[in-house]
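The next block holds one structure in the form of structure tokens; read it before the comments.
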Amino acid sequence: MTAETSWREVMPLGIAGIFVWGLWLYRAVLSRFAKPVVNNYRTTVSVVVPAYREDAEILLDCLDTWLSQDPTEVIIVPDVADTEVIQRLAQVQDPRVRVLAFEHSGKRSALGVGIRAAKSELVVLVDSDTRWEPGLLAAVQMPFVDPAVGGVGTQQNVYQRRTSIWRRVADWLVNLRYYDYVPAMGRAGAVACLSGRTAAYRRAAIEPVLENLENEFFLGRRCVAGDDGRLTWLVLASGYKTVHQSSARAMSMFPSSFRAFVKQRVRWSRNSYRCYLTAVYKGWLWKVPLVTKITVLQILLTPVTMGMALGYLVFSRLELTGRGIVLVLIWLLVGRGIRGYSHLRRHPQEVLLLPVLALVVIMISLPIKLFAFVTMNKQGWLTRTSDSVGGEGQNSASLSGSTRTATASWPEVQQS
């Protein structure tokens, strides 16, 4: 692989590798010791659902899964122009459903309306295209038996993952997060981001910080996306714990196309940079447990660490021969396969996707994150536009057996 390479020449790469693998092993082991809370704690629950031009069929299908778990109330906040959704919801004969038509000025504005209208002790925030697996609502309440817990995250997976290779890849990445990273932070009481697809909060923890959620500015610009990360850190900064409940499982729509997949990752990376840099600047990061500090700093520094490792290998140590290239590919695939154990033990046949997954991880870690970093203050949803229904690559037509062509969107604050 290298020409007359001594141990001294490869030592920098070896030290970096030991450090990175040590961090991964540290979190993976801690995650294995994390167990869901099990008790009989139950209280009143308000489900809050912001919805903008959502596919009515998808929303009603998701609504059935929420109502079946007996919440106290379900508050849906559609835009006033969503006439089809409003008409379809008016036909729902269930007194627990409240529809608050509202002229949206972004997702955060709709969240504010719904949270302020909630009457229950707990508020569960749900995306309008997210379905609940049986038992989610009961399980997500259990950690709140501890009065120090302010927010609880759920286990996430991709709905109809087999309908697209990009949904399979997304599900793989989601499994890595929710089996090897999030449980470790949850065990320490400081999950860095409770996914907005489904997350539960103590109402007393979020009502005082709603103004800071609705009116966040980063370098002079109003923030459009990243509401879940922002709310998580506001709760942490208030002195509450944020934990993970693996027994509460939600299934969400993910993009079916490569284009939409990339756009979603760019948006998420921008959100992460703004959210975590704010946590560093405000001093919030230094008050959370070590595992959360490490995870956040690694997310921020991934383009630097991976870029240096690959650059050192390619430009200093690698001979551009067939043998050298093959050995590098084996190194990438074996490493990614080991880290993907949590997913592969559930879907062993997807070992065939390992080359695609390895390339996607490099793509996310380098060009996407670098682009997101230099454009982090460019606001927008990317996968959602104001003249369509449903997210790009996330409409009902992208699901198996569907012939609909609608897509969903969030109104965005236009930024130059």
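Going through the structure tokens in order, the chains are called A, B, and so on, while each chain numbers its residues from 1 and the ligands are numbered from 1 in the order shown.
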
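Inside segment 181-410 of chain A, the residues DSSP reads as strand (DSSP E) when given the backbone are Thr198, Ala199, Ala200, Tyr201, Arg202, Phe217, Phe218, Arg221, Arg222, Lys241, Thr242, Val243, His244, Gln245, Ser246, Ser247, Ala248, Arg249, Ala250, Met251 and Ser252 of chain A.
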
| request: Show which residues sit within 7 Å of Thr232 of chain A, as a list in words. Count only C-alpha atoms, and ignore same-chain residues fewer than 2 positions away. | output: Ala192, Cys193, Leu194, Asp228, Gly229, Arg230, Leu234, Val235 and Leu236 of chain A

| task | Identify, on the basis of only C-alpha atoms, every residue whose closest approach to segment 77-83 of chain A does not exceed 8 Å; exclude the query and any residue fewer than 2 positions from it along the same chain; express the result as a PyMOL selection string. | result | chain A and resi 48-53+75+85-87+99-104+110-111+113-114

Dump as JSON lines the rows for residues of segment 336-363 of chain A within 12 Å of segment 14-24 of chain A: closest atom pair and distance in Å with one decimal, only C-alpha atoms counted, ordered by chain and rising residue number.
{"residue": "A:Arg336", "atom": "CA", "partner": "A:Trp21", "partner_atom": "CA", "distance": 11.2}
{"residue": "A:Ile338", "atom": "CA", "partner": "A:Trp21", "partner_atom": "CA", "distance": 10.5}
{"residue": "A:Arg339", "atom": "CA", "partner": "A:Trp24", "partner_atom": "CA", "distance": 8.2}
{"residue": "A:Gly340", "atom": "CA", "partner": "A:Trp24", "partner_atom": "CA", "distance": 11.4}

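Minimum atom-to-atom distances from A:Ile299, A:Ala260, A:Cys275, A:Ala139 to Asn377 of chain A were compared using only C-alpha atoms, and the lowest value belongs to A:Cys275.
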
| Using only C-alpha atoms, which of the listed residues (A:Val74, A:Ala190, A:Val243, A:Leu219) sits closest to Thr154 of chain A? |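 Among A:Val74, A:Ala190, A:Val243, A:Leu219, it is A:Val243 that comes nearest to Thr154 of chain A.
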
| query | What separation in Å, quoted to one decimal, exists between atom CA of Ala117 of chain A and atom CA of Gln69 of chain A? | reply |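 Atom CA of Ala117 of chain A sits 20.6 Å away from atom CA of Gln69 of chain A.
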
Check segment 28-275 of chain A with DSSP on the backbone and list each residue it calls alpha helix (DSSP H), as a short mmCIF file (atom, residue, chain, number, x, y, z; two decimals) with N, CA and C atoms, in the first residue's frame.
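Output file result_7.cif is given in full below:
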data_model
loop_
_atom_site.label_atom_id
_atom_site.label_comp_id
_atom_site.auth_asym_id
_atom_site.auth_seq_id
_atom_site.Cartn_x
_atom_site.Cartn_y
_atom_site.Cartn_z
N ALA A 28 -20.70 3.75 21.93
CA ALA A 28 -21.42 2.51 21.63
C ALA A 28 -21.60 1.67 22.88
N VAL A 29 -20.58 1.59 23.71
CA VAL A 29 -20.68 0.79 24.94
C VAL A 29 -21.67 1.43 25.91
N LEU A 30 -21.57 2.77 26.07
CA LEU A 30 -22.53 3.45 26.95
C LEU A 30 -23.96 3.25 26.46
N SER A 31 -24.13 3.25 25.14
CA SER A 31 -25.47 3.06 24.58
C SER A 31 -26.02 1.68 24.88
N ARG A 32 -25.13 0.67 24.92
CA ARG A 32 -25.59 -0.69 25.21
C ARG A 32 -26.10 -0.81 26.64
N PHE A 33 -25.60 0.03 27.53
CA PHE A 33 -26.04 -0.03 28.92
C PHE A 33 -27.30 0.80 29.17
N ALA A 56 -53.40 15.46 2.60
CA ALA A 56 -54.48 15.15 3.54
C ALA A 56 -54.54 13.66 3.86
N GLU A 57 -54.28 12.81 2.88
CA GLU A 57 -54.33 11.36 3.11
C GLU A 57 -53.25 10.95 4.11
N ILE A 58 -52.05 11.50 3.94
CA ILE A 58 -50.95 11.17 4.84
C ILE A 58 -51.26 11.66 6.25
N LEU A 59 -51.72 12.89 6.37
CA LEU A 59 -52.03 13.46 7.68
C LEU A 59 -53.10 12.65 8.40
N LEU A 60 -54.17 12.29 7.70
CA LEU A 60 -55.25 11.54 8.34
C LEU A 60 -54.80 10.14 8.73
N ASP A 61 -53.94 9.55 7.91
CA ASP A 61 -53.40 8.24 8.25
C ASP A 61 -52.57 8.32 9.52
N CYS A 62 -51.75 9.36 9.63
CA CYS A 62 -50.94 9.55 10.84
C CYS A 62 -51.84 9.85 12.04
N LEU A 63 -52.89 10.66 11.81
CA LEU A 63 -53.81 11.01 12.90
C LEU A 63 -54.42 9.76 13.53
N ASP A 64 -54.75 8.79 12.72
CA ASP A 64 -55.31 7.55 13.26
C ASP A 64 -54.35 6.89 14.24
N THR A 65 -53.05 6.92 13.94
CA THR A 65 -52.07 6.27 14.83
C THR A 65 -51.91 7.05 16.13
N TRP A 66 -52.10 8.37 16.08
CA TRP A 66 -52.01 9.17 17.31
C TRP A 66 -53.24 8.95 18.18
N LEU A 67 -54.42 9.03 17.58
CA LEU A 67 -55.66 8.90 18.34
C LEU A 67 -55.81 7.51 18.96
N THR A 83 -57.17 24.47 2.55
CA THR A 83 -58.62 24.22 2.59
C THR A 83 -58.95 22.73 2.57
N GLU A 84 -58.23 21.94 1.78
CA GLU A 84 -58.53 20.51 1.72
C GLU A 84 -58.29 19.85 3.06
N VAL A 85 -57.15 20.15 3.68
CA VAL A 85 -56.83 19.57 4.99
C VAL A 85 -57.88 19.99 6.02
N ILE A 86 -58.23 21.27 6.03
CA ILE A 86 -59.21 21.77 7.00
C ILE A 86 -60.57 21.09 6.80
N GLN A 87 -60.97 20.93 5.54
CA GLN A 87 -62.25 20.28 5.25
C GLN A 87 -62.23 18.81 5.68
N ARG A 88 -61.13 18.13 5.40
CA ARG A 88 -61.04 16.72 5.77
C ARG A 88 -61.01 16.55 7.29
N LEU A 89 -60.33 17.44 7.99
CA LEU A 89 -60.26 17.35 9.44
C LEU A 89 -61.62 17.66 10.07
N ALA A 90 -62.40 18.51 9.41
CA ALA A 90 -63.74 18.84 9.93
C ALA A 90 -64.65 17.62 9.94
N LYS A 107 -42.60 27.13 10.52
CA LYS A 107 -43.00 26.04 11.40
C LYS A 107 -43.02 26.47 12.86
N ARG A 108 -42.05 27.30 13.24
CA ARG A 108 -41.96 27.70 14.65
C ARG A 108 -43.20 28.49 15.09
N SER A 109 -43.74 29.30 14.18
CA SER A 109 -44.94 30.06 14.53
C SER A 109 -46.11 29.13 14.81
N ALA A 110 -46.23 28.06 14.01
CA ALA A 110 -47.31 27.10 14.23
C ALA A 110 -47.10 26.32 15.52
N LEU A 111 -45.85 26.00 15.83
CA LEU A 111 -45.56 25.32 17.09
C LEU A 111 -45.97 26.20 18.27
N GLY A 112 -45.68 27.49 18.17
CA GLY A 112 -46.05 28.41 19.24
C GLY A 112 -47.54 28.45 19.48
N VAL A 113 -48.32 28.51 18.40
CA VAL A 113 -49.77 28.53 18.52
C VAL A 113 -50.27 27.26 19.19
N GLY A 114 -49.77 26.12 18.76
CA GLY A 114 -50.22 24.85 19.30
C GLY A 114 -49.83 24.65 20.75
N ILE A 115 -48.59 25.01 21.10
CA ILE A 115 -48.12 24.83 22.48
C ILE A 115 -48.89 25.72 23.44
N ARG A 116 -49.15 26.97 23.04
CA ARG A 116 -49.88 27.88 23.91
C ARG A 116 -51.34 27.42 24.12
N ALA A 117 -51.87 26.70 23.14
CA ALA A 117 -53.24 26.21 23.27
C ALA A 117 -53.33 24.91 24.07
N LEU A 136 -46.25 3.84 21.76
CA LEU A 136 -45.34 5.00 21.85
C LEU A 136 -45.78 5.97 22.94
N LEU A 137 -47.05 6.35 22.95
CA LEU A 137 -47.49 7.41 23.87
C LEU A 137 -47.35 6.97 25.32
N ALA A 138 -47.64 5.73 25.61
CA ALA A 138 -47.47 5.24 26.99
C ALA A 138 -45.99 5.25 27.38
N ALA A 139 -45.13 4.79 26.46
CA ALA A 139 -43.71 4.69 26.76
C ALA A 139 -43.05 6.05 26.93
N VAL A 140 -43.46 7.02 26.11
CA VAL A 140 -42.78 8.32 26.13
C VAL A 140 -43.12 9.11 27.40
N GLN A 141 -44.19 8.73 28.09
CA GLN A 141 -44.54 9.41 29.34
C GLN A 141 -43.71 8.92 30.53
N ILE A 165 -33.77 3.21 -2.49
CA ILE A 165 -32.43 2.96 -1.96
C ILE A 165 -32.01 4.08 -1.00
N TRP A 166 -32.49 5.31 -1.26
CA TRP A 166 -32.12 6.43 -0.39
C TRP A 166 -32.84 6.36 0.93
N ARG A 167 -34.01 5.74 0.96
CA ARG A 167 -34.68 5.51 2.23
C ARG A 167 -33.97 4.40 3.01
N ARG A 168 -33.45 3.42 2.30
CA ARG A 168 -32.67 2.37 2.98
C ARG A 168 -31.41 2.96 3.61
N VAL A 169 -30.72 3.81 2.85
CA VAL A 169 -29.51 4.46 3.37
C VAL A 169 -29.86 5.35 4.55
N ALA A 170 -30.95 6.12 4.43
CA ALA A 170 -31.36 6.99 5.53
C ALA A 170 -31.70 6.18 6.78
N ASP A 171 -32.36 5.03 6.59
CA ASP A 171 -32.71 4.19 7.73
C ASP A 171 -31.46 3.64 8.40
N TRP A 172 -30.45 3.30 7.61
CA TRP A 172 -29.17 2.83 8.14
C TRP A 172 -28.55 3.93 9.01
N LEU A 173 -28.50 5.15 8.49
CA LEU A 173 -27.92 6.26 9.24
C LEU A 173 -28.73 6.57 10.49
N VAL A 174 -30.04 6.46 10.39
CA VAL A 174 -30.90 6.69 11.56
C VAL A 174 -30.61 5.64 12.63
N ASN A 175 -30.45 4.37 12.22
CA ASN A 175 -30.14 3.32 13.19
C ASN A 175 -28.81 3.56 13.89
N LEU A 176 -27.80 4.03 13.15
CA LEU A 176 -26.52 4.33 13.78
C LEU A 176 -26.70 5.37 14.87
N ARG A 177 -27.50 6.37 14.57
CA ARG A 177 -27.73 7.45 15.54
C ARG A 177 -28.48 6.96 16.76
N TYR A 178 -29.55 6.20 16.53
CA TYR A 178 -30.43 5.87 17.65
C TYR A 178 -30.07 4.57 18.38
N TYR A 179 -29.06 3.88 17.92
CA TYR A 179 -28.57 2.72 18.67
C TYR A 179 -27.19 2.96 19.27
N ASP A 180 -26.37 3.79 18.62
CA ASP A 180 -24.97 3.92 19.06
C ASP A 180 -24.60 5.29 19.61
N VAL A 182 -27.34 8.32 20.47
CA VAL A 182 -28.36 8.97 21.29
C VAL A 182 -28.56 8.29 22.64
N PRO A 183 -28.61 6.94 22.73
CA PRO A 183 -28.82 6.34 24.06
C PRO A 183 -27.73 6.71 25.06
N ALA A 184 -26.49 6.86 24.58
CA ALA A 184 -25.41 7.24 25.50
C ALA A 184 -25.65 8.62 26.08
N MET A 185 -26.06 9.57 25.23
CA MET A 185 -26.36 10.91 25.72
C MET A 185 -27.60 10.90 26.62
N GLY A 186 -28.59 10.10 26.23
CA GLY A 186 -29.81 10.01 27.03
C GLY A 186 -29.54 9.44 28.41
N ARG A 187 -28.64 8.45 28.49
CA ARG A 187 -28.29 7.85 29.77
C ARG A 187 -27.66 8.89 30.70
N ALA A 188 -26.96 9.86 30.09
CA ALA A 188 -26.34 10.93 30.87
C ALA A 188 -27.29 12.09 31.13
N ARG A 203 -44.72 20.62 29.74
CA ARG A 203 -45.22 21.94 29.31
C ARG A 203 -44.59 23.06 30.13
N ALA A 204 -44.36 22.81 31.41
CA ALA A 204 -43.75 23.82 32.27
C ALA A 204 -42.32 24.15 31.86
N ALA A 205 -41.68 23.25 31.11
CA ALA A 205 -40.30 23.47 30.68
C ALA A 205 -40.22 24.29 29.39
N ILE A 206 -41.25 24.20 28.54
CA ILE A 206 -41.14 24.86 27.23
C ILE A 206 -41.93 26.16 27.12
N LEU A 210 -40.74 29.79 24.87
CA LEU A 210 -41.36 29.84 23.55
C LEU A 210 -40.92 31.06 22.74
N GLU A 211 -40.79 32.20 23.42
CA GLU A 211 -40.36 33.42 22.72
C GLU A 211 -38.99 33.23 22.08
N ASN A 212 -38.10 32.54 22.78
CA ASN A 212 -36.76 32.28 22.25
C ASN A 212 -36.75 31.25 21.13
N LEU A 213 -37.78 30.40 21.10
CA LEU A 213 -37.92 29.45 20.00
C LEU A 213 -38.44 30.15 18.76
N GLU A 214 -39.46 30.95 18.93
CA GLU A 214 -40.12 31.59 17.79
C GLU A 214 -39.27 32.68 17.16
N ASP A 227 -35.81 23.94 14.51
CA ASP A 227 -36.61 24.19 15.71
C ASP A 227 -36.39 23.15 16.79
N ASP A 228 -36.17 21.88 16.39
CA ASP A 228 -36.01 20.83 17.39
C ASP A 228 -34.71 20.98 18.18
N GLY A 229 -33.59 21.26 17.48
CA GLY A 229 -32.34 21.46 18.18
C GLY A 229 -32.39 22.67 19.09
N ARG A 230 -32.99 23.75 18.59
CA ARG A 230 -33.11 24.97 19.39
C ARG A 230 -33.90 24.71 20.67
N LEU A 231 -35.05 24.05 20.54
CA LEU A 231 -35.90 23.80 21.71
C LEU A 231 -35.19 22.88 22.70
N THR A 232 -34.47 21.88 22.20
CA THR A 232 -33.73 20.97 23.08
C THR A 232 -32.74 21.73 23.94
N TRP A 233 -31.97 22.63 23.32
CA TRP A 233 -30.94 23.36 24.08
C TRP A 233 -31.56 24.40 25.01
N LEU A 234 -32.69 24.96 24.64
CA LEU A 234 -33.37 25.88 25.56
C LEU A 234 -33.82 25.15 26.82
N VAL A 235 -34.27 23.91 26.65
CA VAL A 235 -34.69 23.10 27.80
C VAL A 235 -33.47 22.71 28.64
N LEU A 236 -32.39 22.29 27.99
CA LEU A 236 -31.17 21.96 28.72
C LEU A 236 -30.63 23.17 29.48
N ALA A 237 -30.64 24.33 28.81
CA ALA A 237 -30.12 25.54 29.44
C ALA A 237 -30.98 25.98 30.63
N PHE A 258 -32.30 10.99 -4.64
CA PHE A 258 -30.96 11.44 -4.25
C PHE A 258 -30.94 12.96 -4.05
N ARG A 259 -31.56 13.67 -4.96
CA ARG A 259 -31.59 15.14 -4.89
C ARG A 259 -32.19 15.62 -3.56
N ALA A 260 -33.35 15.06 -3.21
CA ALA A 260 -34.00 15.47 -1.97
C ALA A 260 -33.21 15.00 -0.74
N PHE A 261 -32.58 13.83 -0.84
CA PHE A 261 -31.74 13.31 0.24
C PHE A 261 -30.62 14.30 0.54
N VAL A 262 -29.94 14.78 -0.50
CA VAL A 262 -28.84 15.73 -0.32
C VAL A 262 -29.34 17.04 0.27
N LYS A 263 -30.46 17.54 -0.24
CA LYS A 263 -31.02 18.79 0.28
C LYS A 263 -31.34 18.67 1.77
N GLN A 264 -31.91 17.54 2.15
CA GLN A 264 -32.26 17.34 3.55
C GLN A 264 -31.01 17.34 4.43
N ARG A 265 -29.94 16.70 3.94
CA ARG A 265 -28.69 16.64 4.70
C ARG A 265 -28.03 18.01 4.80
N VAL A 266 -28.12 18.80 3.76
CA VAL A 266 -27.58 20.16 3.81
C VAL A 266 -28.32 20.97 4.88
N ARG A 267 -29.66 20.86 4.88
CA ARG A 267 -30.46 21.61 5.86
C ARG A 267 -30.12 21.16 7.28
N TRP A 268 -30.05 19.86 7.49
CA TRP A 268 -29.73 19.35 8.82
C TRP A 268 -28.35 19.79 9.28
N SER A 269 -27.38 19.79 8.35
CA SER A 269 -26.02 20.19 8.72
C SER A 269 -25.97 21.68 9.06
N ARG A 270 -26.67 22.50 8.30
CA ARG A 270 -26.74 23.93 8.64
C ARG A 270 -27.36 24.13 10.01
N ASN A 271 -28.45 23.39 10.26
CA ASN A 271 -29.10 23.50 11.56
C ASN A 271 -28.15 23.12 12.69
N SER A 272 -27.39 22.04 12.49
CA SER A 272 -26.46 21.57 13.52
C SER A 272 -25.40 22.61 13.81
N TYR A 273 -24.83 23.19 12.76
CA TYR A 273 -23.79 24.21 12.97
C TYR A 273 -24.33 25.40 13.74
N ARG A 274 -25.49 25.92 13.32
CA ARG A 274 -26.05 27.08 14.02
C ARG A 274 -26.38 26.73 15.47
N CYS A 275 -27.00 25.58 15.68
CA CYS A 275 -27.44 25.18 17.01
C CYS A 275 -26.25 24.95 17.94
#

Can you tell me which residues surround segment 300-302 of chain A at a distance of at most 10 Å, considering only C-alpha atoms, apart from same-chain residues fewer than 3 positions away, and format the answer as a PDB file with N, CA and C atoms, in the first residue's frame?
ATOM      1  N   SER A 269     -27.380  19.786   8.354  1.00  0.00           N
ATOM      2  CA  SER A 269     -26.020  20.195   8.717  1.00  0.00           C
ATOM      3  C   SER A 269     -25.971  21.676   9.059  1.00  0.00           C
ATOM      4  N   SER A 272     -27.393  22.040  12.493  1.00  0.00           N
ATOM      5  CA  SER A 272     -26.455  21.571  13.520  1.00  0.00           C
ATOM      6  C   SER A 272     -25.397  22.614  13.810  1.00  0.00           C
ATOM      7  N   TYR A 273     -24.827  23.194  12.759  1.00  0.00           N
ATOM      8  CA  TYR A 273     -23.788  24.206  12.970  1.00  0.00           C
ATOM      9  C   TYR A 273     -24.334  25.397  13.741  1.00  0.00           C
ATOM     10  N   TYR A 276     -25.267  24.183  17.465  1.00  0.00           N
ATOM     11  CA  TYR A 276     -24.154  23.812  18.337  1.00  0.00           C
ATOM     12  C   TYR A 276     -23.164  24.953  18.530  1.00  0.00           C
ATOM     13  N   LEU A 277     -22.975  25.779  17.518  1.00  0.00           N
ATOM     14  CA  LEU A 277     -22.112  26.945  17.704  1.00  0.00           C
ATOM     15  C   LEU A 277     -22.753  27.924  18.690  1.00  0.00           C
ATOM     16  N   ILE A 294     -18.523  15.603  23.821  1.00  0.00           N
ATOM     17  CA  ILE A 294     -17.728  14.897  22.807  1.00  0.00           C
ATOM     18  C   ILE A 294     -18.516  14.755  21.510  1.00  0.00           C
ATOM     19  N   THR A 295     -19.775  14.370  21.624  1.00  0.00           N
ATOM     20  CA  THR A 295     -20.597  14.153  20.434  1.00  0.00           C
ATOM     21  C   THR A 295     -20.779  15.446  19.651  1.00  0.00           C
ATOM     22  N   VAL A 296     -21.083  16.523  20.326  1.00  0.00           N
ATOM     23  CA  VAL A 296     -21.292  17.808  19.652  1.00  0.00           C
ATOM     24  C   VAL A 296     -20.000  18.298  18.999  1.00  0.00           C
ATOM     25  N   LEU A 297     -18.896  18.216  19.719  1.00  0.00           N
ATOM     26  CA  LEU A 297     -17.620  18.682  19.162  1.00  0.00           C
ATOM     27  C   LEU A 297     -17.203  17.840  17.967  1.00  0.00           C
ATOM     28  N   THR A 305     -11.509  16.513  10.702  1.00  0.00           N
ATOM     29  CA  THR A 305     -10.843  15.268  11.056  1.00  0.00           C
ATOM     30  C   THR A 305     -10.842  14.271   9.897  1.00  0.00           C
ATOM     31  N   MET A 306     -11.984  14.115   9.240  1.00  0.00           N
ATOM     32  CA  MET A 306     -12.020  13.175   8.123  1.00  0.00           C
ATOM     33  C   MET A 306     -11.202  13.688   6.944  1.00  0.00           C
ATOM     34  N   GLY A 307     -11.262  14.981   6.671  1.00  0.00           N
ATOM     35  CA  GLY A 307     -10.489  15.554   5.581  1.00  0.00           C
ATOM     36  C   GLY A 307      -8.998  15.386   5.789  1.00  0.00           C
ATOM     37  N   MET A 308      -8.539  15.615   7.024  1.00  0.00           N
ATOM     38  CA  MET A 308      -7.114  15.444   7.311  1.00  0.00           C
ATOM     39  C   MET A 308      -6.682  13.991   7.162  1.00  0.00           C
ATOM     40  N   ILE A 364     -21.377  13.130   3.013  1.00  0.00           N
ATOM     41  CA  ILE A 364     -21.989  13.945   4.057  1.00  0.00           C
ATOM     42  C   ILE A 364     -20.913  14.637   4.894  1.00  0.00           C
ATOM     43  N   SER A 365     -19.859  13.893   5.231  1.00  0.00           N
ATOM     44  CA  SER A 365     -18.845  14.407   6.141  1.00  0.00           C
ATOM     45  C   SER A 365     -17.962  15.475   5.518  1.00  0.00           C
ATOM     46  N   LEU A 366     -17.774  15.417   4.205  1.00  0.00           N
ATOM     47  CA  LEU A 366     -16.871  16.386   3.567  1.00  0.00           C
ATOM     48  C   LEU A 366     -17.612  17.431   2.726  1.00  0.00           C
ATOM     49  N   LYS A 369     -21.038  18.816   4.490  1.00  0.00           N
ATOM     50  CA  LYS A 369     -20.809  19.576   5.714  1.00  0.00           C
ATOM     51  C   LYS A 369     -19.972  20.829   5.456  1.00  0.00           C
ATOM     52  N   LEU A 370     -19.024  20.756   4.549  1.00  0.00           N
ATOM     53  CA  LEU A 370     -18.232  21.944   4.231  1.00  0.00           C
ATOM     54  C   LEU A 370     -19.106  23.013   3.584  1.00  0.00           C
ATOM     55  N   PHE A 373     -21.330  24.467   6.172  1.00  0.00           N
ATOM     56  CA  PHE A 373     -20.617  25.360   7.084  1.00  0.00           C
ATOM     57  C   PHE A 373     -20.476  26.768   6.504  1.00  0.00           C
TER      58      PHE A 373
END

| message | Given only C-alpha atoms as the basis, pick out the residue of A:Gln379, A:Asn395, A:Gln155, A:Gln160 nearest to Phe218 of chain A. | response |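 So, comparing all the options, the nearest one is A:Gln379.
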
| Nearest to Val209 of chain A by atom-to-atom distance, counting only C-alpha atoms, from A:Val191, A:Asn39, A:Ser238, A:Gln298 |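 Distance minimum relative to Val209 of chain A lands on A:Ser238.
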